[in-house]
2 protein chains.
Amino acid sequence: MAHSSGRPHVVIVGGGFGGLYTARGLAGAPVDVTLIDRKNHHTFQPLLYQVALAVLSPADIASPLRRILRRARNIRTLLEEVVGFDLDARRVKLQSGAERPYDYLVVAAGARHSYFGHDEWERNAPGLKTIEDAIEIRNRLLLAFESAERRALLTGHWEPLTFAVVGGGPTGVELAGAIADLARIALARDFRSINTRTAKVRLYEGSPRILGAYSEESSEKARKQLEELGVEVLTGRLVTAVEPGRLRVGDEWERADVVLWATGVAASPLGRALGVETDRAGRVPVEPDLSLPGRREVFVIGDMASLVDVNGWPVPGLAAAAIQQGELTARNILRDLRGEPRRPFAYHDRGTMATIGRHRAVAELGGRRFSGVVAWLLWSLVHVALLIGFRNRAAVMAQWIWAYLTRAGSSPLITEYDTRASIDLAPDTQRA
Amino acid sequence: MAHSSGRPHVVIVGGGFGGLYTARGLAGAPVDVTLIDRKNHHTFQPLLYQVALAVLSPADIASPLRRILRRARNIRTLLEEVVGFDLDARRVKLQSGAERPYDYLVVAAGARHSYFGHDEWERNAPGLKTIEDAIEIRNRLLLAFESAERRALLTGHWEPLTFAVVGGGPTGVELAGAIADLARIALARDFRSINTRTAKVRLYEGSPRILGAYSEESSEKARKQLEELGVEVLTGRLVTAVEPGRLRVGDEWERADVVLWATGVAASPLGRALGVETDRAGRVPVEPDLSLPGRREVFVIGDMASLVDVNGWPVPGLAAAAIQQGELTARNILRDLRGEPRRPFAYHDRGTMATIGRHRAVAELGGRRFSGVVAWLLWSLVHVALLIGFRNRAAVMAQWIWAYLTRAGSSPLITEYDTRASIDLAPDTQRA
């Protein structure tokens with residue numbers, strides 16, 4: 001259907017933080033908005049690791065985009081995949097062959113992890129960006145315990161499991177701490193033939209310290225808290241290959257029953273489809289107002305954008321930055337319509353925080369540093385407050401309180417699993 | 001590992017109602033139990049349709065078997081697939097090639113729907129027996145609305161959707177009512193370009209009335225309540241073929257965007273692996289004590305068993321019957337050990353009930369018949385009480401109250417979906 005209301009038509013590509021907050025900023029404004037995503041839901045990525053660790057259910061942290069935006073009558077949501085652009089004709093090309101015209105285009109298709117040119121590693125070391133990733137990781141973690149139990153029950157032999165997390169940023173730190181808790185606490189009383197507490201959790205980081213974006217003090221506190229949970233923090237260790245059951249660290253092969261990937265940034269390939277030179281990570285350099293150079297009607301925001309903000313700071317690839325960029329973009333589009341000048345993007349660092357296991361964290365807020373339980377409480381408040389939709393907020397709070405009281409994950413379900421895939425009754429040998 | 005405690009070893013195949021209640025009945029008894037299932041969780045099947053309709057999450061109605069049984073130190077849970085039996089050697093054969101010896105064997109592997117020799121229909125008309133089935137059905141229902149919205153948005157054309165449910169038993173009635181509510185209420189405010197309320201829901205039943213196991217009065221009340229929700233109840237209409245986008249009813253092809261299958265019983269193929277003649281549905285005829293003829297140490301229970309109980313009633317394939325059979329089997333094994341005679345199975349009909357939409361139902365309890373809101377309240381109480389595990393019970397109650405207050409499904413998420421699979425922008429034509 002051709003666009004015919006006479007009002008400017010804004011097409012937003014991607015329903016992550018950047019795209020969703022652009023849409024919200026345009027709700028009720030004198031524009032027509034089409035939000036296009038290939039998923040039907042927005043995912044609250046900061047809590048994805050809790051879905052992967054079976055503490056939360058997908059519905060606790062994901063909501064359908066059209067449900068979130070149902071009250072905004074000027075916004076339509078379209079479940080489709082964008083495959084390219086005709087910038088001169090101002091059209092978005094869709095997987096189905098159809099095209100969608102626009103007056104303003106906001107490209108916010110996000111990023112995945114980068115495997116540094118070795119995409120074949122992904123099969124053996126999945127990253128955590130979508131609900132489907134979280135379910136896949138959950139299945140792998142739980143199946144590792146089930147396989148060990150099966151081997152122990154049927155053969156009498158078992159060896160402690162080894163879990164490897166590659167990348168010592170916030171996601172890697174959160175995953176490592178949560179896996180340690182899963183093995184030490186949540187699953188400990190469920191298994192009979194193995195002792196899940198003997199599982200080894202290793203966090204590999206290529207640079208000299210974890211949480212490189214934090215202060216050295218927070219980084220050191222995070223390491224100490226991880227080590228208290230039994231996590232081996234291996235800094236200055238570059239992972240150079242991943243194969244089933246093992247990974248290579250420098251020149252040495254090390255065993256790992258499950259490897260998870262939490263490093264590197266590969267922006268959506270839609271960045272290249274914009275016809276500009278992208279940086280090494282596939283990100284698009286943008287103007288201070290987040291527009292594409294030479295295309296004032298096209299914005300690129302969130303993890304896809306590369307810029308140094310008006311205060312001279314490189315903008316980090318965080319949810320908070322994407323949210324702020326979405327909000328600014330919506331306001332700049334409305335400023336255009338009123339004939340006012342656009343504002344440049346200035347990143348407001350409202351703080352960073354990462355949880356470490358069940359009730360510890362490190363946090364840096366407004367120049368102050370917190371760690372331990374206080375940081376964890378701060379983290380909980382902030383993340384529940386940010387969750388989209390009241391129902392989810394209440395449900396997540398209830399789950400956390402329940403998990404805290406019972407010292408157990410909510411419901412470690414394995415789904416979509418083929419028993420034939422992973423049965424291996426050979427005595428457990430050092431595969432390295 | 002050979003069994004070496006000196007205590008009798010009971011192997012239970014299947015963690016549905018029959019197997020789980022056998023295991024519970026043996027918790028703490030002087031036997032060693034191995035419960036084998038190819039899923040890691042018990043599924044509360046009576047509420048599966050609410051997962052399919054996005055009212056509940058999988059974790060609300062499924063719990064890991066080893067979590068449910070964690071306090072029973074004499075029970076081990078094994079995630080494995082049983083492929084056969086060596087009844088003379090008293091061994092269970094596993095997918096992995098290993099075998100598991102037993103002193104008592106309880107086979108409780110359940111049933112799926114039967115496609116009357118046309119298994120190829122399943123692809124176009126999935127049944128509802130597992131969490132994976134529920135997610136698949138949810139995705140098909142939600143994608144039908146998304147596809148219609150996409151077509152309307154991009155081409156300006158759309159036609160009302162048609163949903164077909166085949167089989168007028170309790171599952172078919174519950175699915176049809178819930179789909180009507182999804183279209184009329186839960187999704188109604190989410191879509192912009194289509195009117196979801198115009199969706200047609202058709203319930204096909206080959207026999208002259210729906211809910212054939214209920215009284216004619218209840219059956220008629222169920223029909224009336226379904227029709228109030230806008231469901232077309234088509235009795236005496238035999239579905240003779242299913243293809244993508246349509247189904248044949250008698251000799252006529254009728255259009256259907258989504259077809260769901262809720263009829264026929266095909267017991268687990270493990271019945272035939274027991275080396276006895278099974279009935280048409282693959283069920284195993286058993287002795288009054290539920291043992292295999294000529295094999296006192298082997299029990300077959302739940303949907304896999306075929307018997308007329310001690311009072312002369314054919315035992316129905318219901319959760320309640322499987323639970324009672326599991327409880328009796330555990331007690332009979334313990335009676336054996338004490339040198340007491342076994343008791344025969346007598347089915348206690350504690351009532352039957354089926355919901356119709358959001359807050360209606362029909363129920364028959366102790367010779368009394370209920371319908372409407374009263375029956376729905378009874379249904380809610382009974383099903384929440386039966387849910388395994390306190391956390392789930394509280395969570396499900398909360399979801400229902402929330403759904404009731406907001407008139408919305410909890411979170412209609414589409415997962416594991418490939419956009420390329422269902423994009424069809426051809427003008428909507430009568431495919432029949």
# chains A, B, ... in the order shown; residues from 1 in each chain; ligands from 1
>>> residues_around(residues="region 151-162 of chain A", least_positions_apart="3", cutoff="6 Å", atoms="only C-alpha atoms", output="PyMOL selection string")
(chain A and resi 148+193+198-201+256-257+425) or (chain B and resi 1)
>>> residues_around(residues="region 229-238 of chain B", least_positions_apart="3", cutoff="8 Å", atoms="only C-alpha atoms", output="compact mmCIF listing (two decimals) with N, CA and C atoms, in the first residue's frame")
# COMPACT_ATOMS: atom_id res chain seq x y z
N ALA B 176 -10.18 -24.58 20.27
CA ALA B 176 -11.07 -23.72 19.46
C ALA B 176 -11.53 -22.51 20.27
N GLY B 177 -11.95 -22.72 21.51
CA GLY B 177 -12.39 -21.61 22.34
C GLY B 177 -11.27 -20.61 22.58
N ALA B 180 -10.47 -18.51 19.50
CA ALA B 180 -11.49 -17.47 19.33
C ALA B 180 -11.20 -16.29 20.25
N ASP B 181 -10.83 -16.60 21.50
CA ASP B 181 -10.50 -15.52 22.44
C ASP B 181 -9.23 -14.77 22.03
N LYS B 200 -12.20 -16.56 11.47
CA LYS B 200 -13.15 -17.66 11.62
C LYS B 200 -12.46 -18.82 12.32
N VAL B 201 -13.13 -19.39 13.30
CA VAL B 201 -12.61 -20.58 13.97
C VAL B 201 -13.60 -21.70 13.75
N ARG B 202 -13.14 -22.82 13.17
CA ARG B 202 -14.04 -23.94 12.87
C ARG B 202 -13.56 -25.18 13.61
N LEU B 203 -14.51 -25.82 14.27
CA LEU B 203 -14.22 -27.05 15.00
C LEU B 203 -14.91 -28.22 14.28
N TYR B 204 -14.10 -29.12 13.73
CA TYR B 204 -14.65 -30.25 12.97
C TYR B 204 -14.68 -31.51 13.83
N GLU B 205 -15.83 -32.17 13.86
CA GLU B 205 -15.96 -33.41 14.62
C GLU B 205 -16.69 -34.42 13.74
N GLY B 206 -16.11 -35.62 13.62
CA GLY B 206 -16.71 -36.63 12.74
C GLY B 206 -18.01 -37.21 13.27
N SER B 207 -18.12 -37.32 14.60
CA SER B 207 -19.32 -37.93 15.18
C SER B 207 -20.42 -36.87 15.31
N PRO B 208 -21.62 -37.29 15.73
CA PRO B 208 -22.74 -36.32 15.74
C PRO B 208 -22.63 -35.24 16.79
N ARG B 209 -21.78 -35.41 17.83
CA ARG B 209 -21.69 -34.31 18.81
C ARG B 209 -20.27 -34.20 19.38
N ILE B 210 -19.95 -32.98 19.85
CA ILE B 210 -18.64 -32.77 20.47
C ILE B 210 -18.67 -33.31 21.90
N ARG B 223 -21.39 -26.71 23.07
CA ARG B 223 -21.61 -26.18 21.72
C ARG B 223 -22.14 -24.75 21.79
N GLN B 225 -21.82 -22.54 24.18
CA GLN B 225 -20.81 -21.60 24.66
C GLN B 225 -19.77 -21.32 23.58
N LEU B 226 -19.40 -22.36 22.82
CA LEU B 226 -18.45 -22.14 21.72
C LEU B 226 -19.05 -21.20 20.68
N VAL B 249 -13.03 -31.82 3.71
CA VAL B 249 -14.07 -32.25 4.65
C VAL B 249 -15.07 -33.03 3.82
N GLY B 250 -15.17 -34.36 4.06
CA GLY B 250 -15.94 -35.19 3.14
C GLY B 250 -15.29 -35.09 1.78
N GLY B 357 -12.98 -21.12 26.20
CA GLY B 357 -12.62 -19.71 26.22
C GLY B 357 -12.13 -19.28 27.59
>>> interface_residues(of="chain B", to="chain A", cutoff="7 Å", atoms="only C-alpha atoms", output="NGL selection string")
:B and (1 or 38 or 40-41 or 57 or 59 or 63-64 or 66-67 or 70 or 76 or 78-81 or 96 or 132 or 146 or 150 or 153-156 or 189-190 or 192 or 411-416 or 419 or 423)
>>> closest_residue(among="A:Arg350, A:Arg343, A:Lys93, A:Lys224", to="Glu364 (chain A)", atoms="only C-alpha atoms")
A:Arg350
>>> select_by_dssp(residues="region 104-325 of chain B", states="strand (DSSP E)", output="MDAnalysis selection string")
chainID B and resid 104:107 111:112 162:166 200:205 231:235 239:243 246:249 252:255 258:261 266:267 284:285 291:292 295:300 305:306
